[in-house]
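One file, data.txt, carrying compact mmCIF, C-alpha atoms:
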# COMPACT_ATOMS: atom_id res chain seq x y z
CA MET A 1 23.14 22.75 -9.44
CA GLN A 2 24.63 23.15 -5.95
CA ASP A 3 21.19 22.40 -4.48
CA THR A 4 20.98 19.21 -6.58
CA ASN A 5 24.43 18.11 -5.39
CA ASN A 6 23.43 18.73 -1.78
CA LYS A 7 20.31 16.60 -2.25
CA ALA A 8 22.37 13.79 -3.81
CA VAL A 9 24.91 13.83 -0.96
CA ALA A 10 22.12 13.97 1.65
CA SER A 11 20.45 10.99 -0.05
CA LEU A 12 23.72 9.04 0.01
CA VAL A 13 24.33 9.79 3.71
CA LEU A 14 20.73 8.91 4.67
CA GLY A 15 20.95 5.74 2.55
CA ILE A 16 24.11 4.61 4.39
CA LEU A 17 22.60 5.45 7.80
CA SER A 18 19.32 3.69 7.00
CA VAL A 19 21.15 0.53 5.89
CA CYS A 20 23.01 0.56 9.25
CA PHE A 21 19.69 0.72 11.13
CA ILE A 22 18.42 -2.46 9.41
CA PHE A 23 20.53 -4.47 11.85
CA VAL A 24 19.53 -2.63 15.05
CA GLY A 25 16.43 -4.68 15.85
CA GLN A 26 13.53 -2.54 17.02
CA LEU A 27 15.22 0.69 15.89
CA SER A 28 14.75 -0.39 12.26
CA LEU A 29 11.70 1.93 12.31
CA ILE A 30 14.24 4.80 12.27
CA GLY A 31 15.94 3.12 9.30
CA LEU A 32 12.61 3.04 7.49
CA ILE A 33 12.03 6.77 8.05
CA LEU A 34 15.61 7.73 7.04
CA GLY A 35 15.33 5.48 3.97
CA ILE A 36 12.10 7.16 2.86
CA ILE A 37 13.65 10.65 3.14
CA GLY A 38 16.82 9.45 1.36
CA LEU A 39 14.76 7.90 -1.43
CA ILE A 40 12.78 11.10 -2.08
CA LEU A 41 15.91 13.30 -2.03
CA GLY A 42 17.78 10.87 -4.32
CA ILE A 43 14.94 10.69 -6.87
CA ASN A 44 14.59 14.48 -6.93
CA ALA A 45 18.37 14.93 -7.39
CA LYS A 46 18.50 12.29 -10.14
CA LYS A 47 15.56 13.80 -12.02
CA GLU A 48 16.97 17.33 -11.77
CA SER A 49 20.40 16.28 -13.01
CA PRO A 50 20.23 12.85 -14.70
CA ALA A 51 23.84 12.70 -15.96
CA ASN A 52 26.86 12.16 -13.70
CA ASN A 53 24.86 11.80 -10.54
CA GLY A 54 26.41 8.71 -9.03
CA ALA A 55 25.84 9.87 -5.45
CA ALA A 56 22.09 10.16 -6.09
CA THR A 57 21.98 6.70 -7.74
CA ALA A 58 23.86 5.14 -4.80
CA GLY A 59 21.57 6.95 -2.35
CA ILE A 60 18.45 5.71 -4.16
CA ILE A 61 19.69 2.10 -4.25
CA MET A 62 20.71 2.01 -0.57
CA SER A 63 17.57 3.82 0.61
CA ALA A 64 15.35 1.48 -1.46
CA ILE A 65 17.10 -1.59 -0.03
CA SER A 66 16.71 -0.38 3.56
CA VAL A 67 13.05 0.64 3.05
CA GLY A 68 12.35 -2.79 1.53
CA ILE A 69 14.09 -4.78 4.28
CA CYS A 70 12.83 -2.63 7.20
CA GLY A 71 9.32 -2.82 5.69
CA LEU A 72 9.58 -6.60 5.40
CA PHE A 73 10.12 -6.91 9.16
CA LEU A 74 7.97 -4.03 10.39
CA LEU A 75 4.83 -3.97 8.29
CA SER A 76 1.72 -5.69 9.49
CA CYS A 77 -1.90 -5.07 8.69
CA VAL A 78 -4.48 -3.44 10.91
CA ALA A 79 -5.82 -6.68 12.37
CA CYS A 80 -2.34 -7.69 13.60
CA PHE A 81 -2.07 -4.34 15.33
CA GLY A 82 -5.48 -4.92 16.92
CA CYS A 83 -4.11 -7.87 18.87
CA GLY A 84 -1.09 -5.88 20.04
CA LEU A 85 -3.37 -3.00 21.00
CA LEU A 86 -5.47 -5.15 23.31
CA GLY A 87 -2.41 -5.54 25.53
CA PHE A 88 -2.31 -1.76 26.08
CA MET A 89 -6.00 -1.43 26.81
CA ALA A 90 -7.73 -2.06 30.08
CA TYR A 91 -9.90 -4.88 28.71
CA MET B 1 -0.98 -21.15 9.43
CA LEU B 2 2.57 -20.03 8.96
CA PRO B 3 3.12 -16.58 10.56
CA PHE B 4 6.93 -16.83 10.25
CA ILE B 5 9.49 -18.73 8.23
CA THR B 6 13.09 -19.16 9.32
CA VAL B 7 15.80 -18.59 6.71
CA PHE B 8 19.44 -19.01 7.81
CA GLY B 9 18.34 -18.59 11.43
CA ILE B 10 16.47 -15.33 10.75
CA GLN B 11 12.73 -15.29 11.47
CA ILE B 12 10.88 -13.56 8.62
CA PRO B 13 7.19 -12.57 9.00
CA MET B 14 5.10 -14.08 6.20
CA TYR B 15 2.91 -10.97 5.88
CA GLY B 16 5.89 -8.73 5.15
CA LEU B 17 7.41 -11.37 2.87
CA MET B 18 4.22 -11.77 0.81
CA ILE B 19 3.81 -7.97 0.50
CA THR B 20 7.45 -7.72 -0.65
CA ILE B 21 7.00 -10.51 -3.23
CA GLY B 22 3.77 -8.84 -4.41
CA ALA B 23 5.49 -5.44 -4.68
CA LEU B 24 8.31 -6.96 -6.74
CA ALA B 25 5.80 -8.74 -9.02
CA GLY B 26 3.78 -5.54 -9.42
CA THR B 27 6.91 -3.52 -10.19
CA LEU B 28 8.10 -6.01 -12.84
CA LEU B 29 4.63 -6.06 -14.39
CA ALA B 30 4.42 -2.26 -14.61
CA VAL B 31 7.98 -1.83 -15.89
CA TYR B 32 7.82 -4.54 -18.56
CA SER B 33 4.23 -3.98 -19.74
CA THR B 34 4.33 -0.17 -20.14
CA ARG B 35 6.07 1.40 -23.11
CA ARG B 36 4.75 4.94 -22.82
CA PHE B 37 7.14 5.90 -19.97
CA SER B 38 10.83 5.36 -19.38
CA ARG B 39 11.80 2.60 -16.94
CA GLU B 40 13.38 5.23 -14.71
CA ASP B 41 10.12 7.20 -14.47
CA LEU B 42 8.15 4.02 -13.75
CA LEU B 43 10.58 2.88 -11.04
CA PHE B 44 10.73 6.32 -9.44
CA SER B 45 6.94 6.72 -9.50
CA ILE B 46 6.63 3.24 -7.91
CA CYS B 47 9.00 4.41 -5.13
CA TYR B 48 6.78 7.46 -4.63
CA ALA B 49 3.72 5.18 -4.65
CA GLY B 50 5.29 2.92 -2.01
CA ILE B 51 6.07 5.85 0.25
CA GLY B 52 2.61 7.37 -0.32
CA ALA B 53 1.02 4.00 0.45
CA MET B 54 2.88 3.66 3.76
CA VAL B 55 2.08 7.23 4.82
CA GLY B 56 -1.58 7.05 3.71
CA ALA B 57 -2.16 3.66 5.34
CA LYS B 58 -0.65 4.89 8.59
CA VAL B 59 -2.52 8.23 8.62
CA LEU B 60 -5.89 6.51 8.14
CA PHE B 61 -5.00 3.93 10.78
CA LEU B 62 -4.06 6.63 13.31
CA ALA B 63 -7.23 8.55 12.47
CA ILE B 64 -9.27 5.46 13.38
CA THR B 65 -7.23 4.29 16.38
CA LEU B 66 -6.11 7.44 18.24
CA PRO B 67 -9.63 8.56 19.29
CA GLN B 68 -10.23 5.00 20.56
CA LEU B 69 -6.96 5.08 22.58
CA ILE B 70 -7.74 8.52 24.02
CA LYS B 71 -11.24 7.33 24.99
CA GLU B 72 -9.75 4.29 26.75
CA GLY B 73 -7.23 6.51 28.60
CA VAL B 74 -4.23 4.45 27.44
CA ALA B 75 -0.91 5.82 28.80
CA LEU B 76 1.70 6.80 26.22
CA SER B 77 4.82 4.59 26.30
CA TRP B 78 7.70 3.67 23.97
CA PRO B 79 6.31 0.15 23.25
CA LEU B 80 2.92 1.69 22.42
CA LEU B 81 4.54 4.29 20.12
CA GLN B 82 6.47 1.51 18.37
CA GLU B 83 3.30 -0.52 17.96
CA LEU B 84 1.43 2.57 16.68
CA PHE B 85 4.01 3.45 14.04
CA ALA B 86 5.23 0.03 12.98
CA ALA B 87 2.11 -2.14 12.94
CA GLY B 88 -1.35 -1.48 11.58
CA PHE B 89 -1.73 -0.35 7.97
CA VAL B 90 -5.16 0.25 6.42
CA PHE B 91 -5.46 -0.68 2.73
CA TYR B 92 -7.73 2.16 1.63
CA GLY B 93 -5.43 4.77 3.20
CA GLY B 94 -2.54 3.14 1.35
CA LEU B 95 -4.41 3.20 -1.97
CA LEU B 96 -5.33 6.89 -1.65
CA GLY B 97 -1.80 7.76 -0.50
CA ALA B 98 -0.20 5.86 -3.41
CA VAL B 99 -2.47 7.44 -6.04
CA ALA B 100 -1.83 10.92 -4.58
CA ALA B 101 1.95 10.32 -4.50
CA VAL B 102 2.09 9.17 -8.15
CA MET B 103 0.02 12.19 -9.17
CA ILE B 104 2.43 14.47 -7.26
CA TYR B 105 5.38 12.81 -9.04
CA ALA B 106 3.72 13.26 -12.44
CA ARG B 107 2.88 16.92 -11.77
CA LYS B 108 6.34 17.66 -10.39
CA PHE B 109 8.18 16.22 -13.39
CA LYS B 110 5.56 17.28 -16.00
CA LEU B 111 4.32 13.82 -17.02
CA PRO B 112 0.73 12.89 -18.00
CA VAL B 113 -0.95 12.50 -14.58
CA PHE B 114 -3.66 9.95 -15.39
CA ALA B 115 -1.61 7.95 -17.89
CA LEU B 116 1.19 7.41 -15.35
CA THR B 117 -1.22 6.58 -12.51
CA GLU B 118 -3.15 4.16 -14.71
CA ALA B 119 0.00 2.43 -15.90
CA LEU B 120 0.47 1.33 -12.28
CA ILE B 121 -3.17 0.57 -11.40
CA PRO B 122 -3.25 -3.11 -12.64
CA SER B 123 -0.37 -3.85 -10.24
CA VAL B 124 -2.44 -2.72 -7.22
CA PRO B 125 -4.81 -5.74 -7.03
CA LEU B 126 -1.84 -8.04 -7.72
CA VAL B 127 0.08 -6.66 -4.71
CA HIS B 128 -3.12 -6.71 -2.66
CA ALA B 129 -3.75 -10.39 -3.51
CA PHE B 130 -0.28 -11.29 -2.20
CA GLY B 131 -0.97 -9.19 0.90
CA ARG B 132 -4.19 -11.10 1.63
CA ILE B 133 -2.36 -14.42 1.28
CA GLY B 134 0.08 -12.96 3.82
CA CYS B 135 -2.89 -12.18 6.10
CA PHE B 136 -4.04 -15.79 5.76
CA CYS B 137 -0.55 -17.04 6.68
CA ALA B 138 -0.39 -14.67 9.68
CA GLY B 139 -3.93 -15.63 10.75
CA CYS B 140 -5.27 -12.06 10.75
CA CYS B 141 -8.19 -10.40 8.86
CA TYR B 142 -10.24 -13.58 9.33
CA GLY B 143 -13.93 -14.07 8.59
CA ARG B 144 -17.01 -14.94 10.65
CA PRO B 145 -17.29 -18.22 12.59
CA MET B 146 -18.56 -20.97 10.26
CA ALA B 147 -18.78 -24.72 10.57
CA PRO B 148 -16.36 -26.78 8.46
CA PRO B 149 -15.94 -27.23 5.49
CA TRP B 150 -16.48 -23.42 5.08
CA GLY B 151 -14.71 -22.57 8.31
CA MET B 152 -11.24 -23.50 9.50
CA VAL B 153 -9.41 -23.19 12.82
CA PHE B 154 -6.49 -20.73 12.63
CA SER B 155 -3.52 -21.86 14.71
CA SER B 156 -2.39 -18.28 15.24
CA PRO B 157 -2.33 -16.05 18.35
CA LEU B 158 -4.03 -13.35 16.22
CA ALA B 159 -7.23 -15.42 15.72
CA PRO B 160 -9.70 -16.73 18.36
CA ALA B 161 -8.40 -20.09 19.60
CA GLY B 162 -10.33 -23.22 18.63
CA VAL B 163 -13.04 -21.42 16.62
CA ALA B 164 -13.66 -22.39 12.98
CA LEU B 165 -13.56 -19.14 10.94
CA PHE B 166 -14.34 -18.41 7.29
CA PRO B 167 -11.04 -17.73 5.41
CA VAL B 168 -12.27 -14.46 3.88
CA GLN B 169 -8.62 -13.46 3.20
CA LEU B 170 -8.37 -16.13 0.49
CA VAL B 171 -11.69 -15.06 -1.04
CA GLU B 172 -10.44 -11.46 -1.24
CA ALA B 173 -7.13 -12.66 -2.71
CA GLY B 174 -9.10 -14.56 -5.39
CA PHE B 175 -11.26 -11.51 -6.20
CA ASN B 176 -8.12 -9.37 -6.42
CA LEU B 177 -6.48 -11.79 -8.86
CA VAL B 178 -9.60 -11.76 -11.06
CA LEU B 179 -9.65 -7.95 -10.86
CA PHE B 180 -5.96 -7.84 -11.77
CA ALA B 181 -6.53 -10.06 -14.85
CA GLY B 182 -9.50 -7.93 -15.92
CA LEU B 183 -7.70 -4.60 -15.43
CA PHE B 184 -4.57 -5.87 -17.18
CA ALA B 185 -6.60 -6.98 -20.22
CA TYR B 186 -8.65 -3.74 -20.17
CA SER B 187 -5.57 -1.51 -20.00
CA ARG B 188 -3.82 -3.25 -22.94
CA ARG B 189 -5.62 -0.87 -25.31
CA ARG B 190 -5.04 2.83 -24.88
CA ARG B 191 -7.92 4.17 -22.76
CA LYS B 192 -9.22 7.64 -22.08
CA PRO B 193 -7.83 9.35 -18.95
CA GLY B 194 -9.65 8.13 -15.86
CA GLN B 195 -11.11 4.91 -17.29
CA VAL B 196 -8.71 2.35 -15.76
CA LEU B 197 -8.67 4.11 -12.38
CA GLY B 198 -12.46 4.45 -12.49
CA LEU B 199 -12.96 0.76 -13.26
CA TYR B 200 -10.67 -0.28 -10.42
CA LEU B 201 -12.28 2.03 -7.84
CA ALA B 202 -15.81 0.96 -8.82
CA ALA B 203 -15.06 -2.79 -8.93
CA TYR B 204 -12.95 -2.95 -5.78
CA GLY B 205 -15.34 -0.69 -3.86
CA ILE B 206 -18.23 -3.08 -4.55
CA ILE B 207 -16.15 -6.19 -3.74
CA ARG B 208 -14.82 -4.74 -0.49
CA PHE B 209 -18.21 -3.45 0.65
CA GLY B 210 -19.64 -6.98 0.33
CA LEU B 211 -16.67 -8.80 1.85
CA GLU B 212 -16.66 -6.55 4.92
CA TYR B 213 -19.89 -8.29 6.03
CA LEU B 214 -17.90 -11.54 6.27
CA ARG B 215 -15.06 -10.03 8.35
CA TYR B 216 -14.90 -10.77 12.08
CA ASP B 217 -11.64 -9.22 13.34
CA ALA B 218 -11.92 -6.61 16.07
CA VAL B 219 -10.54 -3.27 14.75
CA ARG B 220 -13.15 -2.28 12.14
CA GLY B 221 -14.10 1.27 13.22
CA ILE B 222 -17.87 0.65 13.10
CA ALA B 223 -20.09 3.76 12.65
CA LEU B 224 -23.86 3.62 11.96
CA GLY B 225 -23.64 -0.13 11.37
CA LEU B 226 -20.95 0.13 8.68
CA SER B 227 -17.18 -0.33 9.01
CA THR B 228 -14.65 2.37 8.04
CA SER B 229 -13.79 0.42 4.86
CA GLN B 230 -17.47 0.21 3.92
CA TRP B 231 -17.86 3.97 4.33
CA ILE B 232 -14.79 4.53 2.13
CA SER B 233 -16.15 2.01 -0.41
CA LEU B 234 -19.43 3.93 -0.43
CA ALA B 235 -17.49 7.08 -1.30
CA LEU B 236 -14.99 5.58 -3.78
CA ALA B 237 -17.24 3.30 -5.86
CA PRO B 238 -19.42 6.22 -7.10
CA VAL B 239 -16.23 8.22 -7.81
CA GLY B 240 -15.05 5.27 -9.95
CA VAL B 241 -18.36 5.09 -11.83
CA LEU B 242 -18.25 8.87 -12.34
CA LEU B 243 -14.69 8.66 -13.71
CA LEU B 244 -15.83 5.94 -16.14
CA LEU B 245 -18.76 8.07 -17.28
CA ILE B 246 -16.92 11.37 -17.69
CA SER B 247 -13.55 10.02 -18.92
CA GLY B 248 -12.37 11.88 -21.98
CA ARG B 249 -15.17 14.43 -21.74
CA TRP B 250 -14.06 16.94 -19.13
CA GLU B 251 -11.36 19.35 -20.21
CA TRP B 252 -9.48 19.23 -16.89
CA LEU B 253 -9.07 15.46 -17.23
CA LYS B 254 -7.58 15.90 -20.71
CA ARG B 255 -5.40 18.78 -19.55
CA ALA B 256 -4.08 16.77 -16.59
CA ASP B 257 -3.19 13.97 -18.98
CA ARG B 258 -1.22 16.09 -21.39
CA GLY B 259 1.74 16.54 -19.03
CA LYS B 260 4.38 18.62 -20.77
Please go through the file and, once you have read it, give me the structure as structure tokens.
Amino acid sequence: MQDTNNKAVASLVLGILSVCFIFVGQLSLIGLILGIIGLILGINAKKESPANNGAATAGIIMSAISVGICGLFLLSCVACFGCGLLGFMAY
Amino acid sequence: MLPFITVFGIQIPMYGLMITIGALAGTLLAVYSTRRFSREDLLFSICYAGIGAMVGAKVLFLAITLPQLIKEGVALSWPLLQELFAAGFVFYGGLLGAVAAVMIYARKFKLPVFALTEALIPSVPLVHAFGRIGCFCAGCCYGRPMAPPWGMVFSSPLAPAGVALFPVQLVEAGFNLVLFAGLFAYSRRRRKPGQVLGLYLAAYGIIRFGLEYLRYDAVRGIALGLSTSQWISLALAPVGVLLLLISGRWEWLKRADRGK
């Protein structure tokens, strides 16, 4: 039970931090990573103790929002990367 | 082409926007068309699938790109690291990662592994179709040079300037929409474990193998005349056919689908 509570609180903290990183331009990659960890911890906590787990629910919602928004700005497919990559290569 | 749109002064990339719209559509479809699982389980497994997709797509991309970078002797820098981790996601890696993540979720919380995975499978080509429309808007993943009316000039820095190229992204989006309609209709009736996944892997593997011959963008990871995606298609399509043939016959498939 204590372990579940810890996971829920960790998810909430990571969710809040990841939402903050959405607005930090290029560092939103860190927000994406924190959001992913927060999401997994929140889901595990919620599944282990479904009732009265408001912290886990809040953590899941905030982490999901930050993963969605950071992903919206960061994701691109392999061909887009290819063009960026050419700038780093000698040719 | 329309690589970005500006909303309230914020520039939003069309690729990310289309993927997000596709993911929302796929989530709504899975949640409202599946009655066998609770909405919470479906939403949570979709979160797992999303994370698995990102990790899988990135791992496969790094596996293709890092040897190339090492060979070229490219110096490590913060902009390069950002580019490596933020941009460049390979679809097949994402698919394998998502399927693995949903299976992990099902095993962890004692749910029927194949039934849960296959409840989400019809959403995959739907999301993919939106993604390909995003590629078309961004001007990436273009096809071979062709004279108009089959070819069109992409006004994007990602495509060769002034060259008419076949819009293979739209063709793949069309195939994905047809595949989505077919899978959705097929999965309406209760199927044996492995059938829906098998049908998707076989059908998409064949489609992708063929369409790769029309692709012209640079990062394709060619080996022995075939691209990385063609090699993966060659591996996955037979797995799909095998799943269709053996579905409901092998005991481990049935056991995996019993869950609790």
Rows by chain and residue number, chain B within 9 Å of chain A, shortest pair, all atoms listed in the file, as a Markdown table:
| residue | atom | partner | partner_atom | distance |
| --- | --- | --- | --- | --- |
| B:Ile12 | CA | A:Phe73 | CA | 6.7 |
| B:Pro13 | CA | A:Phe73 | CA | 6.4 |
| B:Met14 | CA | A:Leu72 | CA | 8.8 |
| B:Tyr15 | CA | A:Ser76 | CA | 6.5 |
| B:Gly16 | CA | A:Leu72 | CA | 4.3 |
| B:Leu17 | CA | A:Leu72 | CA | 5.8 |
| B:Met18 | CA | A:Leu72 | CA | 8.7 |
| B:Ile19 | CA | A:Leu72 | CA | 7.7 |
| B:Thr20 | CA | A:Leu72 | CA | 6.5 |
| B:Asp41 | CA | A:Lys47 | CA | 8.9 |
| B:Phe44 | CA | A:Ile43 | CA | 6.6 |
| B:Cys47 | CA | A:Leu39 | CA | 7.7 |
| B:Tyr48 | CA | A:Ile40 | CA | 7.5 |
| B:Ile51 | CA | A:Ile36 | CA | 6.7 |
| B:Phe61 | CA | A:Val78 | CA | 7.4 |
| B:Leu69 | CA | A:Met89 | CA | 7.8 |
| B:Glu72 | CA | A:Met89 | CA | 6.8 |
| B:Gly73 | CA | A:Met89 | CA | 8.2 |
| B:Val74 | CA | A:Met89 | CA | 6.2 |
| B:Ala75 | CA | A:Phe88 | CA | 8.2 |
| B:Leu80 | CA | A:Phe88 | CA | 7.3 |
| B:Gln82 | CA | A:Leu29 | CA | 8.0 |
| B:Glu83 | CA | A:Phe81 | CA | 7.1 |
| B:Leu84 | CA | A:Phe81 | CA | 7.9 |
| B:Phe85 | CA | A:Leu29 | CA | 8.0 |
| B:Ala86 | CA | A:Leu74 | CA | 5.5 |
| B:Ala87 | CA | A:Ser76 | CA | 5.0 |
| B:Gly88 | CA | A:Val78 | CA | 3.8 |
| B:Phe89 | CA | A:Cys77 | CA | 4.8 |
| B:Val90 | CA | A:Val78 | CA | 5.9 |
| B:Phe91 | CA | A:Cys77 | CA | 8.2 |
| B:Phe109 | CA | A:Lys47 | CA | 7.9 |
| B:Gly131 | CA | A:Cys77 | CA | 8.9 |
| B:Cys135 | CA | A:Cys77 | CA | 7.6 |
| B:Ala138 | CA | A:Cys80 | CA | 8.2 |
| B:Gly139 | CA | A:Cys80 | CA | 8.6 |
| B:Cys140 | CA | A:Ala79 | CA | 5.6 |
| B:Cys141 | CA | A:Ala79 | CA | 5.6 |
| B:Tyr142 | CA | A:Ala79 | CA | 8.7 |
| B:Pro157 | CA | A:Cys83 | CA | 8.4 |
| B:Leu158 | CA | A:Cys83 | CA | 6.1 |
| B:Ala159 | CA | A:Cys83 | CA | 8.8 |
| B:Asp217 | CA | A:Ala79 | CA | 6.4 |
| B:Ala218 | CA | A:Gly82 | CA | 6.7 |
| B:Val219 | CA | A:Gly82 | CA | 5.7 |
| B:Arg220 | CA | A:Ala79 | CA | 8.6 |
Compile the contact shell of B:Pro167 as a list in words: residues with an atom at most 8 Å away, counting all atoms listed in the file, same-chain residues fewer than 6 positions apart removed.
-> Phe136, Tyr142, Gly143, Trp150, Gly151 and Met152 of chain B
Contacts of B:Met1 within 7 Å, all atoms listed in the file, excl. fewer than 2 positions in-chain, as a ChimeraX atom specification = /B:3,137-139,154-156
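Of note, atom CA of B:Val196 and atom CA of B:Glu118 are spaced 5.9 Å apart.
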